[in-house]
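Novice: run-v1.csv is the file, holding CSV, C-alpha atoms:
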chain,number,residue,atom,x,y,z
A,284,MET,CA,193.5,221.0,20.9
A,285,SER,CA,195.0,224.2,22.3
A,286,GLN,CA,195.3,224.6,26.0
A,287,THR,CA,192.9,227.6,25.7
A,288,SER,CA,190.2,225.4,24.2
A,289,GLU,CA,190.7,222.7,26.7
A,290,LYS,CA,190.4,225.3,29.5
A,291,TYR,CA,187.2,226.7,28.1
A,292,ARG,CA,185.6,223.3,27.9
A,293,ILE,CA,186.4,222.5,31.5
A,294,GLU,CA,185.7,225.9,33.1
A,295,TRP,CA,182.6,226.9,31.0
A,296,LEU,CA,180.9,223.5,31.6
A,297,ALA,CA,181.3,224.0,35.3
A,298,ALA,CA,180.0,227.5,35.1
A,299,ASP,CA,177.0,226.5,33.0
A,300,GLN,CA,176.1,223.7,35.4
A,301,ALA,CA,176.3,226.0,38.3
A,302,ARG,CA,174.1,228.5,36.5
A,303,ASP,CA,171.4,225.9,36.0
A,304,ALA,CA,171.6,224.2,39.4
A,305,GLY,CA,168.2,223.7,40.9
A,306,LEU,CA,166.2,224.3,37.7
A,307,GLU,CA,163.6,221.8,36.5
A,308,GLU,CA,162.2,221.1,33.1
A,309,PRO,CA,158.8,222.8,32.8
A,310,ALA,CA,155.7,220.6,32.9
A,311,ASP,CA,154.1,222.6,30.1
A,312,VAL,CA,156.8,221.7,27.5
A,313,SER,CA,157.3,218.3,25.9
A,314,ALA,CA,160.8,217.3,24.9
A,315,PHE,CA,161.8,214.9,22.2
A,316,LYS,CA,165.4,214.1,22.9
A,317,ASP,CA,168.5,212.8,21.2
A,318,ILE,CA,167.1,212.6,17.7
A,319,PRO,CA,169.8,211.9,15.0
A,320,TYR,CA,169.9,214.5,12.3
A,321,GLY,CA,173.2,213.6,10.6
A,322,GLU,CA,175.9,211.0,10.4
A,323,PHE,CA,178.3,212.2,13.1
A,324,GLY,CA,177.0,210.4,16.2
A,325,GLU,CA,176.6,212.5,19.3
A,326,TRP,CA,177.8,215.5,17.4
A,327,ASN,CA,174.6,215.3,15.3
A,328,LEU,CA,171.8,214.9,17.9
A,329,LEU,CA,169.0,217.3,18.5
A,330,ASP,CA,166.2,217.9,21.0
A,331,LEU,CA,162.8,219.3,20.0
A,332,TYR,CA,160.8,221.2,22.5
A,333,VAL,CA,157.1,222.0,22.0
A,334,PRO,CA,154.4,223.5,24.2
A,335,ARG,CA,152.0,220.9,25.6
A,336,THR,CA,148.2,221.1,24.9
A,337,ALA,CA,145.8,221.8,27.8
A,338,ASP,CA,145.0,218.1,27.6
A,339,ARG,CA,148.6,217.1,28.5
A,340,ASN,CA,147.9,213.6,27.0
A,341,THR,CA,149.4,214.6,23.7
A,342,ALA,CA,152.6,216.4,23.1
A,343,LEU,CA,151.6,218.4,20.1
A,344,GLU,CA,149.1,221.1,19.5
A,345,THR,CA,146.5,220.0,17.0
A,346,SER,CA,144.9,223.3,16.2
A,347,ARG,CA,147.8,224.9,14.4
A,348,LYS,CA,151.2,224.4,13.2
A,349,LEU,CA,154.0,225.7,15.4
A,350,PRO,CA,156.5,228.3,14.2
A,351,VAL,CA,160.1,227.0,14.7
A,352,ILE,CA,163.1,228.4,16.4
A,353,ILE,CA,166.5,226.8,15.6
A,354,SER,CA,169.1,227.6,18.2
A,355,ILE,CA,172.8,227.6,17.5
A,356,HIS,CA,174.7,227.6,20.9
A,357,GLY,CA,177.8,229.6,21.6
A,358,GLY,CA,181.1,228.6,23.0
A,359,ALA,CA,184.0,230.3,21.1
A,360,PHE,CA,183.6,227.7,18.3
A,361,VAL,CA,185.2,225.0,20.6
A,362,TYR,CA,182.7,224.4,23.4
A,363,GLY,CA,179.1,223.8,23.9
A,364,GLN,CA,176.3,221.2,24.0
A,365,LYS,CA,172.6,221.2,23.9
A,366,GLU,CA,172.2,220.0,27.5
A,367,THR,CA,173.3,223.4,28.9
A,368,TYR,CA,170.8,225.2,26.7
A,369,LYS,CA,167.7,223.2,27.5
A,370,PHE,CA,166.2,225.4,30.2
A,371,TYR,CA,166.6,228.6,28.2
A,372,LEU,CA,165.2,227.0,25.1
A,373,MET,CA,162.3,225.3,26.8
A,374,SER,CA,161.3,228.8,28.0
A,375,LEU,CA,161.1,229.8,24.4
A,376,ALA,CA,158.8,226.9,23.7
A,377,GLN,CA,156.6,228.1,26.5
A,378,ARG,CA,156.1,231.3,24.4
A,379,GLY,CA,154.4,229.3,21.6
A,380,PHE,CA,157.3,228.0,19.5
A,381,ALA,CA,158.7,224.6,18.6
A,382,VAL,CA,162.4,224.9,19.5
A,383,VAL,CA,165.3,222.9,18.1
A,384,ASN,CA,168.3,222.5,20.3
A,385,PHE,CA,171.2,220.7,18.6
A,386,ASN,CA,174.8,219.6,19.1
A,387,TYR,CA,177.1,220.5,16.2
A,388,ARG,CA,180.7,219.6,15.4
A,389,LEU,CA,183.2,221.8,17.2
A,390,ALA,CA,186.7,222.8,16.6
A,391,PRO,CA,189.4,221.5,16.8
A,392,GLU,CA,188.0,218.0,16.1
A,393,TYR,CA,186.3,219.5,13.0
A,394,ARG,CA,187.3,222.6,11.1
A,395,PHE,CA,185.3,225.3,9.5
A,396,PRO,CA,182.7,225.1,7.8
A,397,ALA,CA,181.6,221.9,9.7
A,398,ALA,CA,179.2,223.8,12.0
A,399,LEU,CA,177.5,225.5,9.0
A,400,GLU,CA,177.1,222.1,7.4
A,401,ASP,CA,175.4,220.9,10.6
A,402,ALA,CA,173.1,223.9,10.8
A,403,ASP,CA,172.0,223.3,7.2
A,404,ALA,CA,171.3,219.6,8.1
A,405,VAL,CA,169.1,220.8,10.9
A,406,VAL,CA,167.1,223.0,8.6
A,407,HIS,CA,166.6,220.1,6.3
A,408,TRP,CA,165.5,217.9,9.3
A,409,VAL,CA,162.9,220.5,10.2
A,410,MET,CA,161.6,220.5,6.6
A,411,ASP,CA,161.6,216.7,6.4
A,412,ASN,CA,159.8,216.2,9.7
A,413,ALA,CA,157.4,219.1,9.7
A,414,SER,CA,154.3,216.9,9.3
A,415,LYS,CA,155.4,214.4,12.0
A,416,TYR,CA,155.8,217.1,14.6
A,417,ASN,CA,153.2,219.7,13.3
A,418,LEU,CA,155.9,222.2,12.5
A,419,ASP,CA,155.3,225.3,10.3
A,420,ALA,CA,158.1,225.0,7.8
A,421,LYS,CA,157.2,228.4,6.3
A,422,ASN,CA,158.1,230.1,9.6
A,423,ILE,CA,161.6,229.1,10.7
A,424,PHE,CA,163.6,231.5,12.8
A,425,MET,CA,167.1,231.3,14.2
A,426,VAL,CA,168.7,232.4,17.5
A,427,GLY,CA,172.4,232.2,18.3
A,428,ASP,CA,174.6,233.7,20.9
A,429,SER,CA,178.3,234.5,20.9
A,430,ALA,CA,179.9,232.2,18.3
A,431,GLY,CA,176.5,230.8,17.7
A,432,ALA,CA,175.3,234.3,16.7
A,433,ASN,CA,178.2,234.4,14.2
A,434,TYR,CA,177.1,231.1,12.8
A,435,ALA,CA,173.4,232.1,12.7
A,436,ALA,CA,174.3,235.2,10.8
A,437,LEU,CA,176.7,233.4,8.4
A,438,TYR,CA,174.2,230.7,7.6
A,439,SER,CA,171.6,233.4,6.9
A,440,ILE,CA,174.1,235.1,4.6
A,441,TYR,CA,174.9,231.8,2.9
A,442,CYS,CA,171.2,231.5,2.0
A,443,VAL,CA,171.0,234.9,0.4
A,444,ASN,CA,174.5,235.9,-0.8
A,445,PRO,CA,175.9,233.8,-3.7
A,446,GLU,CA,179.3,235.5,-3.4
A,447,TYR,CA,179.7,234.2,0.2
A,448,ALA,CA,178.4,230.8,-0.7
A,449,ARG,CA,180.9,230.4,-3.5
A,450,LYS,CA,183.7,231.6,-1.3
A,451,VAL,CA,182.9,228.9,1.3
A,452,GLN,CA,182.6,226.2,-1.3
A,453,ASP,CA,185.8,227.2,-3.0
A,454,ALA,CA,187.6,227.1,0.3
A,455,ALA,CA,186.2,223.7,1.2
A,456,LYS,CA,187.2,222.2,-2.1
A,457,SER,CA,190.7,223.8,-1.9
A,458,TRP,CA,191.3,222.8,1.8
A,459,TYR,CA,189.7,219.4,1.9
A,460,GLY,CA,189.3,218.3,-1.7
A,461,LYS,CA,185.4,218.2,-1.5
A,462,GLN,CA,182.5,220.6,-1.5
A,463,ALA,CA,181.0,221.7,1.7
A,464,ARG,CA,177.6,220.0,2.4
A,465,ILE,CA,175.6,223.2,2.7
A,466,ASN,CA,172.6,223.3,0.4
A,467,PRO,CA,169.8,225.4,1.9
A,468,PRO,CA,166.3,224.5,0.6
A,469,LEU,CA,165.4,226.4,-2.5
A,470,THR,CA,164.5,230.1,-1.6
A,471,PHE,CA,164.9,229.4,2.1
A,472,LYS,CA,166.2,231.9,4.6
A,473,PRO,CA,165.2,232.3,8.2
A,474,ARG,CA,162.1,234.5,8.6
A,475,ALA,CA,164.1,236.5,11.2
A,476,VAL,CA,167.1,236.0,13.5
A,477,ALA,CA,168.0,236.9,17.0
A,478,LEU,CA,171.7,237.6,17.4
A,479,ASN,CA,172.7,237.6,21.1
A,480,CYS,CA,176.0,238.9,22.4
A,481,GLY,CA,177.5,238.0,19.1
A,482,LEU,CA,181.0,238.0,17.5
A,483,TYR,CA,180.9,239.5,14.0
A,484,ASP,CA,184.5,240.6,13.3
A,485,ILE,CA,187.3,238.3,14.2
A,486,THR,CA,190.1,240.5,12.8
A,487,GLU,CA,191.6,241.2,16.3
A,488,ASP,CA,191.7,237.5,17.1
A,489,ARG,CA,193.4,236.8,13.8
A,490,ASN,CA,196.0,239.4,14.3
A,491,LYS,CA,196.8,238.0,17.8
A,492,LYS,CA,196.8,234.5,16.3
A,493,ALA,CA,194.3,233.5,18.9
A,494,ASP,CA,194.2,229.8,19.8
A,495,ILE,CA,190.5,229.5,18.9
A,496,VAL,CA,191.2,230.8,15.4
A,497,VAL,CA,193.9,228.2,14.9
A,498,ASP,CA,191.7,225.5,16.3
A,499,LEU,CA,188.9,226.4,14.0
A,500,PHE,CA,190.9,226.9,10.8
A,501,GLY,CA,194.1,224.9,11.3
A,502,GLU,CA,196.8,225.9,8.8
A,503,HIS,CA,194.4,228.3,7.1
A,504,TRP,CA,193.9,230.5,10.2
A,505,GLU,CA,195.2,233.6,8.5
A,506,ASP,CA,192.2,233.5,6.1
A,507,CYS,CA,189.6,233.3,8.9
A,508,CYS,CA,188.4,236.9,8.5
A,509,GLU,CA,187.3,236.1,4.9
A,510,TYR,CA,184.8,233.6,6.2
A,511,LEU,CA,183.7,234.8,9.7
A,512,ASN,CA,183.5,238.6,9.3
A,513,VAL,CA,179.7,239.0,9.1
A,514,GLU,CA,179.6,242.7,8.2
A,515,ASP,CA,181.6,242.1,5.0
A,516,TYR,CA,178.7,240.1,3.4
A,517,LEU,CA,175.5,241.8,4.5
A,518,THR,CA,173.1,242.5,1.7
A,519,GLU,CA,169.6,243.8,1.4
A,520,LYS,CA,168.3,240.2,1.6
A,521,PHE,CA,169.6,239.6,5.1
A,522,PRO,CA,166.7,238.6,7.3
A,523,PRO,CA,165.2,240.9,9.9
A,524,SER,CA,167.3,240.7,13.0
A,525,PHE,CA,167.1,241.4,16.7
A,526,VAL,CA,170.6,242.2,17.9
A,527,MET,CA,171.3,242.4,21.6
A,528,THR,CA,174.0,242.8,24.2
A,529,GLY,CA,174.4,243.4,27.9
A,530,GLU,CA,176.0,246.3,29.8
A,531,TYR,CA,178.8,244.0,31.0
A,532,ASP,CA,179.1,241.9,27.8
A,533,PHE,CA,182.7,241.8,26.8
A,534,LEU,CA,181.4,241.8,23.2
A,535,ASN,CA,179.3,244.9,23.7
A,536,LEU,CA,181.1,247.0,21.1
A,537,GLN,CA,180.9,244.2,18.5
A,538,ASN,CA,177.1,244.3,18.8
A,539,ARG,CA,177.0,248.1,18.6
A,540,HIS,CA,179.1,247.9,15.4
A,541,MET,CA,176.7,245.3,14.0
A,542,ASP,CA,173.8,247.6,14.8
A,543,ARG,CA,175.6,250.4,12.8
A,544,ALA,CA,176.4,248.0,9.9
A,545,LEU,CA,172.7,247.0,9.7
A,546,SER,CA,171.6,250.6,9.9
A,547,LYS,CA,174.0,251.7,7.2
A,548,GLN,CA,172.3,249.3,4.8
A,549,ASN,CA,168.8,250.2,6.1
A,550,LEU,CA,168.2,246.6,7.0
A,551,PRO,CA,165.2,245.9,9.3
A,552,HIS,CA,166.4,245.2,12.8
A,553,VAL,CA,166.1,246.0,16.5
A,554,PHE,CA,169.1,246.7,18.7
A,555,LYS,CA,168.9,246.4,22.5
A,556,SER,CA,171.5,246.8,25.2
A,557,TYR,CA,170.2,245.4,28.5
A,558,GLY,CA,171.1,246.4,32.0
A,559,THR,CA,172.8,249.4,33.6
A,560,LYS,CA,176.1,250.1,35.3
A,561,ASN,CA,174.6,248.6,38.4
A,562,ASP,CA,173.7,245.3,36.7
A,563,LYS,CA,177.1,243.5,36.7
A,564,GLU,CA,175.3,240.1,36.2
A,565,ILE,CA,174.0,241.3,32.8
A,566,SER,CA,177.2,240.1,31.1
A,567,HIS,CA,177.9,237.9,28.2
A,568,VAL,CA,175.0,235.6,27.2
A,569,PHE,CA,173.0,236.6,30.3
A,570,HIS,CA,169.8,235.7,28.5
A,571,VAL,CA,170.5,232.0,29.0
A,572,ASN,CA,170.4,232.4,32.7
A,573,MET,CA,166.8,231.6,33.7
A,574,LYS,CA,167.4,233.0,37.2
A,575,LEU,CA,167.7,236.6,35.9
A,576,PRO,CA,164.6,238.8,35.3
A,577,LEU,CA,166.3,240.6,32.5
A,578,ALA,CA,166.9,237.3,30.7
A,579,HIS,CA,163.1,236.7,30.7
A,580,LEU,CA,162.5,240.3,29.4
A,581,CYS,CA,165.0,239.9,26.6
A,582,ASN,CA,163.6,236.5,25.6
A,583,ASP,CA,160.0,237.9,25.7
A,584,GLU,CA,161.0,240.8,23.4
A,585,GLU,CA,162.8,238.5,21.0
A,586,CYS,CA,159.9,236.2,20.7
A,587,GLU,CA,157.5,239.1,20.2
A,588,PHE,CA,159.9,240.3,17.4
A,589,PHE,CA,159.7,236.9,15.7
A,590,LYS,CA,155.9,237.0,15.9
A,591,ARG,CA,155.8,240.1,13.8
A,592,TYR,CA,157.1,238.0,10.9
A,593,ILE,CA,154.7,235.0,11.1
Will you turn the file into structure tokens for me?
Specialist:
Amino acid sequence: MSQTSEKYRIEWLAADQARDAGLEEPADVSAFKDIPYGEFGEWNLLDLYVPRTADRNTALETSRKLPVIISIHGGAFVYGQKETYKFYLMSLAQRGFAVVNFNYRLAPEYRFPAALEDADAVVHWVMDNASKYNLDAKNIFMVGDSAGANYAALYSIYCVNPEYARKVQDAAKSWYGKQARINPPLTFKPRAVALNCGLYDITEDRNKKADIVVDLFGEHWEDCCEYLNVEDYLTEKFPPSFVMTGEYDFLNLQNRHMDRALSKQNLPHVFKSYGTKNDKEISHVFHVNMKLPLAHLCNDEECEFFKRYI
């Protein structure tokens, strides 16, 4: 592991814990925790959050199936865990969704495309367990932030762009001697995606030989742009998307470029930049901070966007 990745894991965990200090799990959300969805132990655990009924004696709504949001956390491909996303994602459950919050395999312990394999396994878990948890498998949405937005976009692309799927599979077979375990259910793609403060073009990191690129791709780091540059693989089948950033998000320009790329292909999407020059706290992934009013506004607007496609 590079010193950069080790530093991120230590400093960002402390920052996330400080951000959430004093918060409590909401009483109107039921949480099913630490459910295995794959074979990689703690890397492959998920939590499911669902709104409680008025009765409170049962965890699940009986009157209708719940649309599903699958969240892919951020962390520069090398950091992150479901525990530091629970308050944010429980707030989405309060808005009428079943929400899946999952750990996935990080670099450098696991190389690309391990995280996409795990995202695919979660989709299959939702499909396989829809009846058990009263989930609407026909209405599955995705959210992701930072590197998680990259992964959410790439998984969506994998579902609808055979060229990209072949490229990933060819790379996996060449690099590791086996096919990548990414097999989206037939005809599946997310109904819509929310891409928050995302990274969509990694060319600059490649050119600088950034530590996170090397940690994610190992000896194949020079090829990273071929697999992570989202804009190169957008097609007319890409799902409707809500792309957002904050005034002080260090990836603000990346998200504006993504907006332009989607507009260029006339793809249905909404672009929002939150905050003003006076709102310095509206920085990278501000929407996860449940102490910020603009975070709640952003999450309200994203959930309303999803509801258009149910």
Novice: One decimal, Å: what's the distance from atom CA of A:Ala448 over to atom CA of A:Ala477, could you say?
Specialist: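 A separation of 21.4 Å between them.
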Novice: Would you compute the distance between atom CA of A:Ala381 and atom CA of A:Val351? Give it in Å to one decimal.
Specialist: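 Interatomic distance here is 4.8 Å.
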Novice: Calculated over all atoms listed in the file, which of the candidates A:Ala544, A:Ile423, A:Met527, A:Cys442 has the smallest distance to A:Tyr592?
Specialist: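 Ranking A:Ala544, A:Ile423, A:Met527, A:Cys442 by distance to A:Tyr592, first place goes to A:Ile423.
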Novice: For A:Leu329, which residue out of A:Asn386, A:Thr367, A:Ser354, A:Thr518 is the nearest one, using only C-alpha atoms?
Specialist: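 For A:Leu329, the nearest of the candidates is A:Asn386.
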Novice: Please, what distance in Å, to one decimal, runs between atom CA of A:Val451 and atom CA of A:Ile465?
Specialist: 9.4 Å
Novice: Rank A:Ala420, A:Leu399, A:Cys586, A:Val497 by their smallest atom-to-atom distance to A:Ala436, using only C-alpha atoms, and report the top residue only.
Specialist: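 Ranked by minimum distance to A:Ala436, first place goes to A:Leu399.
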Novice: Neighbours of A:Arg489 within 8 Å (only C-alpha atoms; same-chain residues fewer than 2 positions away dropped), as an NGL selection string?
Specialist: :A and (485-487 or 491-493 or 496 or 504-505 or 507-508)
Novice: Next, write the just-selected residues to a file, as a CSV table (one decimal), keeping the file's coordinate frame, keeping C-alpha atoms as the atom set.
Specialist:
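Saved as out.csv:
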chain,number,residue,atom,x,y,z
A,485,ILE,CA,187.3,238.3,14.2
A,486,THR,CA,190.1,240.5,12.8
A,487,GLU,CA,191.6,241.2,16.3
A,491,LYS,CA,196.8,238.0,17.8
A,492,LYS,CA,196.8,234.5,16.3
A,493,ALA,CA,194.3,233.5,18.9
A,496,VAL,CA,191.2,230.8,15.4
A,504,TRP,CA,193.9,230.5,10.2
A,505,GLU,CA,195.2,233.6,8.5
A,507,CYS,CA,189.6,233.3,8.9
A,508,CYS,CA,188.4,236.9,8.5
Novice: Extract, using all atoms listed in the file, all DNA, RNA and protein residues at most 6 Å from A:Cys480, discarding same-chain residues fewer than 2 positions from it, and format them as a list of chain:residue names.
Specialist: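 Near neighbours after the sequence-gap exclusion: A:Asp428, A:Ser429, A:Met527, A:Thr528, A:Val568.
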Novice: Between A:Ala359, A:Leu296, A:Met573, A:Leu517, which residue has the minimum interatomic distance to A:Glu446, considering only C-alpha atoms?
Specialist: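 Comparing A:Ala359, A:Leu296, A:Met573, A:Leu517 against A:Glu446, the winner is A:Leu517.
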Novice: I'd like the neighbourhood of A:Tyr371 as number ranges by chain, where a residue qualifies if any of its atoms comes within 9 Å (using all atoms listed in the file), though same-chain residues fewer than 6 positions away should be ignored.
Specialist: A: 570-573, 582
Novice: Of the candidates A:Phe500, A:Asn422, A:Gly358, A:Asp403, which one gets nearest to A:Ala454 if we count all atoms listed in the file?
Specialist: A:Phe500
Novice: Neighbouring residues of A:Lys348 were defined as those with any atom within 7 Å, considering all atoms listed in the file; residues of the same chain fewer than 5 positions away were excluded. Please report them as a PyMOL selection string.
Specialist: chain A and resi 417-419
Novice: Can you tell me, as a VMD selection string, what residues are no more than 8 Å from A:Phe554 when counting only C-alpha atoms, ignoring any on the same chain fewer than 6 positions away?
Specialist: chain A and resid 525 to 527 542
Novice: Would you save stretch 424-450 of chain A from the block above with N, CA and C atoms, as a PDB file, in the first residue's frame?
Specialist:
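Saved as out-v9.pdb:
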ATOM      1  N   PHE A 424     -32.195   1.766  -8.385  1.00  0.00           N
ATOM      2  CA  PHE A 424     -31.436   2.974  -8.675  1.00  0.00           C
ATOM      3  C   PHE A 424     -30.047   2.848  -8.050  1.00  0.00           C
ATOM      4  N   MET A 425     -29.140   3.707  -8.489  1.00  0.00           N
ATOM      5  CA  MET A 425     -27.802   3.726  -7.898  1.00  0.00           C
ATOM      6  C   MET A 425     -27.401   5.145  -7.548  1.00  0.00           C
ATOM      7  N   VAL A 426     -26.703   5.289  -6.413  1.00  0.00           N
ATOM      8  CA  VAL A 426     -26.021   6.530  -6.085  1.00  0.00           C
ATOM      9  C   VAL A 426     -24.558   6.203  -5.828  1.00  0.00           C
ATOM     10  N   GLY A 427     -23.710   7.168  -6.109  1.00  0.00           N
ATOM     11  CA  GLY A 427     -22.296   7.024  -5.809  1.00  0.00           C
ATOM     12  C   GLY A 427     -21.671   8.392  -5.690  1.00  0.00           C
ATOM     13  N   ASP A 428     -20.637   8.495  -4.887  1.00  0.00           N
ATOM     14  CA  ASP A 428     -19.954   9.778  -4.760  1.00  0.00           C
ATOM     15  C   ASP A 428     -18.459   9.579  -4.934  1.00  0.00           C
ATOM     16  N   SER A 429     -17.831  10.601  -5.530  1.00  0.00           N
ATOM     17  CA  SER A 429     -16.382  10.594  -5.764  1.00  0.00           C
ATOM     18  C   SER A 429     -16.005   9.341  -6.562  1.00  0.00           C
ATOM     19  N   ALA A 430     -15.118   8.499  -6.040  1.00  0.00           N
ATOM     20  CA  ALA A 430     -14.787   7.268  -6.757  1.00  0.00           C
ATOM     21  C   ALA A 430     -15.998   6.369  -6.899  1.00  0.00           C
ATOM     22  N   GLY A 431     -16.929   6.439  -5.938  1.00  0.00           N
ATOM     23  CA  GLY A 431     -18.157   5.656  -6.042  1.00  0.00           C
ATOM     24  C   GLY A 431     -19.043   6.105  -7.187  1.00  0.00           C
ATOM     25  N   ALA A 432     -19.024   7.399  -7.509  1.00  0.00           N
ATOM     26  CA  ALA A 432     -19.746   7.876  -8.682  1.00  0.00           C
ATOM     27  C   ALA A 432     -19.126   7.318  -9.948  1.00  0.00           C
ATOM     28  N   ASN A 433     -17.805   7.248  -9.965  1.00  0.00           N
ATOM     29  CA  ASN A 433     -17.116   6.633 -11.091  1.00  0.00           C
ATOM     30  C   ASN A 433     -17.573   5.186 -11.261  1.00  0.00           C
ATOM     31  N   TYR A 434     -17.579   4.439 -10.164  1.00  0.00           N
ATOM     32  CA  TYR A 434     -17.988   3.038 -10.236  1.00  0.00           C
ATOM     33  C   TYR A 434     -19.460   2.895 -10.623  1.00  0.00           C
ATOM     34  N   ALA A 435     -20.335   3.759 -10.084  1.00  0.00           N
ATOM     35  CA  ALA A 435     -21.753   3.677 -10.438  1.00  0.00           C
ATOM     36  C   ALA A 435     -21.954   3.940 -11.928  1.00  0.00           C
ATOM     37  N   ALA A 436     -21.230   4.922 -12.459  1.00  0.00           N
ATOM     38  CA  ALA A 436     -21.322   5.216 -13.890  1.00  0.00           C
ATOM     39  C   ALA A 436     -20.748   4.065 -14.714  1.00  0.00           C
ATOM     40  N   LEU A 437     -19.610   3.528 -14.296  1.00  0.00           N
ATOM     41  CA  LEU A 437     -18.985   2.444 -15.055  1.00  0.00           C
ATOM     42  C   LEU A 437     -19.839   1.185 -15.041  1.00  0.00           C
ATOM     43  N   TYR A 438     -20.442   0.875 -13.882  1.00  0.00           N
ATOM     44  CA  TYR A 438     -21.298  -0.312 -13.861  1.00  0.00           C
ATOM     45  C   TYR A 438     -22.503  -0.114 -14.776  1.00  0.00           C
ATOM     46  N   SER A 439     -23.067   1.083 -14.776  1.00  0.00           N
ATOM     47  CA  SER A 439     -24.183   1.378 -15.677  1.00  0.00           C
ATOM     48  C   SER A 439     -23.756   1.228 -17.126  1.00  0.00           C
ATOM     49  N   ILE A 440     -22.547   1.719 -17.431  1.00  0.00           N
ATOM     50  CA  ILE A 440     -22.016   1.580 -18.790  1.00  0.00           C
ATOM     51  C   ILE A 440     -21.818   0.111 -19.138  1.00  0.00           C
ATOM     52  N   TYR A 441     -21.276  -0.654 -18.190  1.00  0.00           N
ATOM     53  CA  TYR A 441     -21.054  -2.079 -18.439  1.00  0.00           C
ATOM     54  C   TYR A 441     -22.370  -2.760 -18.830  1.00  0.00           C
ATOM     55  N   CYS A 442     -23.470  -2.347 -18.207  1.00  0.00           N
ATOM     56  CA  CYS A 442     -24.771  -2.964 -18.477  1.00  0.00           C
ATOM     57  C   CYS A 442     -25.275  -2.688 -19.892  1.00  0.00           C
ATOM     58  N   VAL A 443     -24.869  -1.558 -20.483  1.00  0.00           N
ATOM     59  CA  VAL A 443     -25.491  -1.129 -21.744  1.00  0.00           C
ATOM     60  C   VAL A 443     -24.517  -0.974 -22.902  1.00  0.00           C
ATOM     61  N   ASN A 444     -23.219  -1.075 -22.652  1.00  0.00           N
ATOM     62  CA  ASN A 444     -22.226  -0.859 -23.699  1.00  0.00           C
ATOM     63  C   ASN A 444     -21.365  -2.103 -23.865  1.00  0.00           C
ATOM     64  N   PRO A 445     -21.677  -2.960 -24.842  1.00  0.00           N
ATOM     65  CA  PRO A 445     -20.917  -4.206 -25.019  1.00  0.00           C
ATOM     66  C   PRO A 445     -19.426  -3.970 -25.276  1.00  0.00           C
ATOM     67  N   GLU A 446     -19.084  -2.860 -25.907  1.00  0.00           N
ATOM     68  CA  GLU A 446     -17.664  -2.562 -26.161  1.00  0.00           C
ATOM     69  C   GLU A 446     -16.904  -2.427 -24.847  1.00  0.00           C
ATOM     70  N   TYR A 447     -17.480  -1.696 -23.907  1.00  0.00           N
ATOM     71  CA  TYR A 447     -16.807  -1.529 -22.620  1.00  0.00           C
ATOM     72  C   TYR A 447     -16.763  -2.863 -21.862  1.00  0.00           C
ATOM     73  N   ALA A 448     -17.849  -3.618 -21.896  1.00  0.00           N
ATOM     74  CA  ALA A 448     -17.872  -4.913 -21.208  1.00  0.00           C
ATOM     75  C   ALA A 448     -16.792  -5.835 -21.752  1.00  0.00           C
ATOM     76  N   ARG A 449     -16.640  -5.884 -23.060  1.00  0.00           N
ATOM     77  CA  ARG A 449     -15.593  -6.729 -23.658  1.00  0.00           C
ATOM     78  C   ARG A 449     -14.207  -6.256 -23.248  1.00  0.00           C
ATOM     79  N   LYS A 450     -14.019  -4.953 -23.206  1.00  0.00           N
ATOM     80  CA  LYS A 450     -12.715  -4.413 -22.845  1.00  0.00           C
ATOM     81  C   LYS A 450     -12.326  -4.813 -21.418  1.00  0.00           C
TER      82      LYS A 450
END
